[in-house]
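Taking it in order: structure first as structure tokens, then the write-up.
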Amino acid sequence: MKFKLFKTEVTVTFLFAATLSLMIATDRTGLILPTLFAVFIHEAGHLFAMWAADCAPKRIRLIPAAVEITEDYGRSKGAGVWIVLCGPLANLAVSAALFVNYYLSGAEISLKVALLNLVLALFNLLPVSGLDGGRLLCAALCRKKDLYSAERTVRLVTAAVAALIFFCGVFLIISGNANPSVLIVALYLAVCALIKR
């Protein structure tokens with residue numbers, strides 16, 4: 001399915017819609033909708049920053065496990081770093097507001113959604129490929145190295161973090177606290193380390 005949003009072409013792939021439907025249908029924790037809300041806030045932070053910096057994305061493609069944004073940082077110097085930071089900052093702002101709401105009202109759902117937003121922001125700031133932190137690290141390294149060397153360094157860091165998370169997942173399995181999401185994250189990061197962007 002394709003549609004236009006503020007002159008941006010948005011594509012929702014069948015696999016994305018199917019994966020999303022399956023996740024909602026099989027969710028037993030009640031956290032899938034708050035998690036989707038946190039992801040929406042994160043991506044909206046990036047998009048509003050792009051529109052504010054006058055470099056609206058050309059295309060947005062929703063696929064399983066990712067949102068592909070084809071951007072042109074264009075005229076504004078430093079816009080790329082600002083745009084990358086706005087996703088985690090949006091989650092941190094929502095998290096702070098929800099922590100205040102929890103403190104004032106004691107509503108458990110506010111605490112859960114605040115923690116989800118906080119975790120999503122911190123996870124995205126990991127200095128690894130495929131996440132905002134990896135793009136920030138690459139931008140910082142490009143000040144002293146060429147783009148190829150910077151990207152290679154980020155991929156090496158990503159591989160190291162993937163290995164660490166994998167061993168944590170194996171440790172959880174051995175200790176009887178198996179959590180498949182830890183191994184899925186390790187696999188995702190390993191794939192990101194191998195893909196040249």
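Simple scheme: letters A, B, ... for chains in structure tokens order, numbers from 1 for residues in each chain, numbers from 1 for ligands in the order shown.
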
Contacts of Thr11 in chain A at 10 Å or less, counting only C-alpha atoms, minus same-chain residues fewer than 3 places along, as a list in words? Met1, Lys2, Phe3, Lys4, Thr8, Phe14, Phe16, Arg59, Ile60, Arg61, Leu62, Ile63, Val67 and Glu68 of chain A

Find the residues near Leu33 in chain A: any atom within 10 Å, counting only C-alpha atoms, skip ones fewer than 5 places away on the same chain, and give them as a PDB file with N, CA and C atoms, in the first residue's frame.
ATOM      1  N   MET A  23       2.003 -10.047  15.567  1.00  0.00           N
ATOM      2  CA  MET A  23       2.472  -9.614  16.881  1.00  0.00           C
ATOM      3  C   MET A  23       1.308  -9.211  17.781  1.00  0.00           C
ATOM      4  N   ILE A  24       0.365  -8.475  17.237  1.00  0.00           N
ATOM      5  CA  ILE A  24      -0.787  -8.032  18.028  1.00  0.00           C
ATOM      6  C   ILE A  24      -1.654  -9.223  18.419  1.00  0.00           C
ATOM      7  N   ASP A  27       0.214 -11.425  21.173  1.00  0.00           N
ATOM      8  CA  ASP A  27       0.751 -10.754  22.360  1.00  0.00           C
ATOM      9  C   ASP A  27       0.007 -11.210  23.617  1.00  0.00           C
ATOM     10  N   ALA A  38       5.749   3.637  21.400  1.00  0.00           N
ATOM     11  CA  ALA A  38       7.112   4.145  21.609  1.00  0.00           C
ATOM     12  C   ALA A  38       7.877   4.226  20.292  1.00  0.00           C
ATOM     13  N   VAL A  39       7.720   3.212  19.437  1.00  0.00           N
ATOM     14  CA  VAL A  39       8.378   3.215  18.124  1.00  0.00           C
ATOM     15  C   VAL A  39       7.822   4.356  17.265  1.00  0.00           C
ATOM     16  N   VAL A 113       4.879   2.373  30.174  1.00  0.00           N
ATOM     17  CA  VAL A 113       5.124   3.048  28.894  1.00  0.00           C
ATOM     18  C   VAL A 113       6.339   3.975  29.014  1.00  0.00           C
TER      19      VAL A 113
END

Just asking: which residues within range 103-137 of chain A are alpha helix (DSSP H) according to DSSP, as a ChimeraX atom specification? /A:103-105,108-124,132-137

Write down as an mmCIF file with C-alpha atoms, in the first residue's frame the residues of chain A whose backbone DSSP state falls under strand (DSSP E or B).
data_model
loop_
_atom_site.group_PDB
_atom_site.id
_atom_site.type_symbol
_atom_site.label_atom_id
_atom_site.label_comp_id
_atom_site.auth_asym_id
_atom_site.auth_seq_id
_atom_site.Cartn_x
_atom_site.Cartn_y
_atom_site.Cartn_z
ATOM 1 C CA LYS A 2 1.324 3.437 -0.963
ATOM 2 C CA PHE A 3 0.175 6.926 -0.019
ATOM 3 C CA LYS A 4 1.555 10.474 0.234
ATOM 4 C CA LEU A 5 2.185 12.281 3.525
ATOM 5 C CA THR A 8 6.625 12.028 1.167
ATOM 6 C CA GLU A 9 5.825 8.690 -0.438
ATOM 7 C CA VAL A 10 4.961 6.143 2.273
ATOM 8 C CA THR A 11 4.965 2.416 1.463
ATOM 9 C CA VAL A 12 3.547 -0.161 3.861
ATOM 10 C CA ARG A 59 10.354 8.000 0.775
ATOM 11 C CA ILE A 60 9.403 6.022 3.876
ATOM 12 C CA ARG A 61 9.136 2.263 3.592
ATOM 13 C CA LEU A 62 7.738 0.168 6.436
ATOM 14 C CA ILE A 63 9.269 -3.310 6.476
ATOM 15 C CA ALA A 66 12.746 -1.489 10.372
ATOM 16 C CA VAL A 67 11.539 1.797 8.943
ATOM 17 C CA GLU A 68 13.554 2.725 5.851
ATOM 18 C CA ILE A 69 13.721 6.494 5.389
ATOM 19 C CA THR A 70 15.284 7.848 2.219
#

Using only C-alpha atoms, the residue out of A:Ala121, A:Val157, A:Ile173, A:Ala162 with shortest distance to Leu85 in chain A is A:Ala121

Residues within 9 Å of Ala139 in chain A, only C-alpha atoms, excluding chain neighbours under 4 positions, as a ChimeraX atom specification: /A:80-81,134-135,143,147,150

Based on the selection just made, write C-alpha atoms of those residues as an mmCIF file, in the first residue's frame.
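Here's the written file part22.cif:
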data_model
loop_
_atom_site.group_PDB
_atom_site.id
_atom_site.type_symbol
_atom_site.label_atom_id
_atom_site.label_comp_id
_atom_site.auth_asym_id
_atom_site.auth_seq_id
_atom_site.Cartn_x
_atom_site.Cartn_y
_atom_site.Cartn_z
ATOM 1 C CA GLY A 80 21.927 14.943 9.941
ATOM 2 C CA VAL A 81 23.160 14.704 13.536
ATOM 3 C CA GLY A 134 25.854 3.899 15.041
ATOM 4 C CA ARG A 135 25.077 6.831 12.767
ATOM 5 C CA ARG A 143 35.819 14.013 11.329
ATOM 6 C CA LEU A 147 33.803 7.327 5.418
ATOM 7 C CA ALA A 150 34.485 5.039 9.873
#

Would you mind listing what lies within 10 Å of Cys138 in chain A as a list in words, with only C-alpha atoms counted and same-chain residues fewer than 6 positions away left out?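 Within the cut-off, the hits are Pro127, Val128, Ser129, Asp132, Lys145, Asp146, Leu147, Tyr148, Ser149, Ala150, Glu151, Arg152, Thr153, Val154 and Arg155 of chain A.
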
Once you have the residues from the selection above, write them out as an mmCIF file, in the first residue's frame, restricted to N, CA and C atoms.
data_model
loop_
_atom_site.group_PDB
_atom_site.id
_atom_site.type_symbol
_atom_site.label_atom_id
_atom_site.label_comp_id
_atom_site.auth_asym_id
_atom_site.auth_seq_id
_atom_site.Cartn_x
_atom_site.Cartn_y
_atom_site.Cartn_z
ATOM 1 N N PRO A 127 26.140 2.445 20.027
ATOM 2 C CA PRO A 127 26.958 2.832 18.871
ATOM 3 C C PRO A 127 27.157 1.685 17.882
ATOM 4 N N VAL A 128 26.054 1.187 17.321
ATOM 5 C CA VAL A 128 26.121 0.046 16.421
ATOM 6 C C VAL A 128 25.365 0.330 15.123
ATOM 7 N N SER A 129 25.718 -0.394 14.074
ATOM 8 C CA SER A 129 25.065 -0.243 12.771
ATOM 9 C C SER A 129 23.571 -0.524 12.897
ATOM 10 N N ASP A 132 20.546 4.518 15.751
ATOM 11 C CA ASP A 132 20.931 5.929 15.728
ATOM 12 C C ASP A 132 22.336 6.158 16.278
ATOM 13 N N LYS A 145 38.499 10.335 10.109
ATOM 14 C CA LYS A 145 38.757 9.253 9.151
ATOM 15 C C LYS A 145 37.901 9.451 7.916
ATOM 16 N N ASP A 146 38.225 8.689 6.869
ATOM 17 C CA ASP A 146 37.357 8.697 5.696
ATOM 18 C C ASP A 146 36.121 7.852 5.994
ATOM 19 N N LEU A 147 35.083 7.999 5.181
ATOM 20 C CA LEU A 147 33.803 7.327 5.418
ATOM 21 C C LEU A 147 33.954 5.808 5.470
ATOM 22 N N TYR A 148 34.778 5.233 4.577
ATOM 23 C CA TYR A 148 34.959 3.778 4.549
ATOM 24 C C TYR A 148 35.529 3.277 5.876
ATOM 25 N N SER A 149 36.572 3.938 6.385
ATOM 26 C CA SER A 149 37.196 3.534 7.655
ATOM 27 C C SER A 149 36.226 3.701 8.820
ATOM 28 N N ALA A 150 35.457 4.793 8.801
ATOM 29 C CA ALA A 150 34.485 5.039 9.873
ATOM 30 C C ALA A 150 33.416 3.951 9.887
ATOM 31 N N GLU A 151 32.897 3.611 8.705
ATOM 32 C CA GLU A 151 31.857 2.570 8.636
ATOM 33 C C GLU A 151 32.407 1.212 9.051
ATOM 34 N N ARG A 152 33.657 0.923 8.668
ATOM 35 C CA ARG A 152 34.281 -0.344 9.058
ATOM 36 C C ARG A 152 34.426 -0.429 10.580
ATOM 37 N N THR A 153 34.814 0.675 11.211
ATOM 38 C CA THR A 153 34.946 0.717 12.669
ATOM 39 C C THR A 153 33.597 0.486 13.338
ATOM 40 N N VAL A 154 32.557 1.117 12.818
ATOM 41 C CA VAL A 154 31.208 0.942 13.386
ATOM 42 C C VAL A 154 30.762 -0.510 13.235
ATOM 43 N N ARG A 155 31.073 -1.134 12.092
ATOM 44 C CA ARG A 155 30.701 -2.548 11.907
ATOM 45 C C ARG A 155 31.449 -3.449 12.889
#

Residue contacts of Asn117 in chain A (10 Å, only C-alpha atoms) excluding same-chain residues fewer than 4 positions away, as a list in words: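 The residues satisfying every condition are Pro34, Thr35, Phe37, Ala38, Val39, Ile41, His42, Pro88, Leu89, Ala90, Asn91, Leu92, Ala93, Val94, Ser95, Ala96, Leu98, Leu111, Lys112, Val113, Ala121, Leu122 and Phe123 of chain A.
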
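In this model, the gap between CA of Leu22 in chain A and CA of Ser110 in chain A comes to 25.2 Å.
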
From the options A:Leu136, A:Val185, A:Ala79, A:Cys142, which residue's atoms come nearest to Ala159 in chain A, counting only C-alpha atoms? A:Val185

Name all residues at most 9 Å from Trp82 in chain A (count only C-alpha atoms; drop same-chain ones fewer than 5 positions away) and give them as a list in words.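 That gives His46, Ala49, Met50 and Ala53 of chain A.
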
Write out as a PyMOL selection string each polymer residue whose atoms come within 10 Å of Trp51 in chain A, counting only C-alpha atoms; drop sequence neighbours fewer than 6 positions from it. chain A and resi 6+57+83
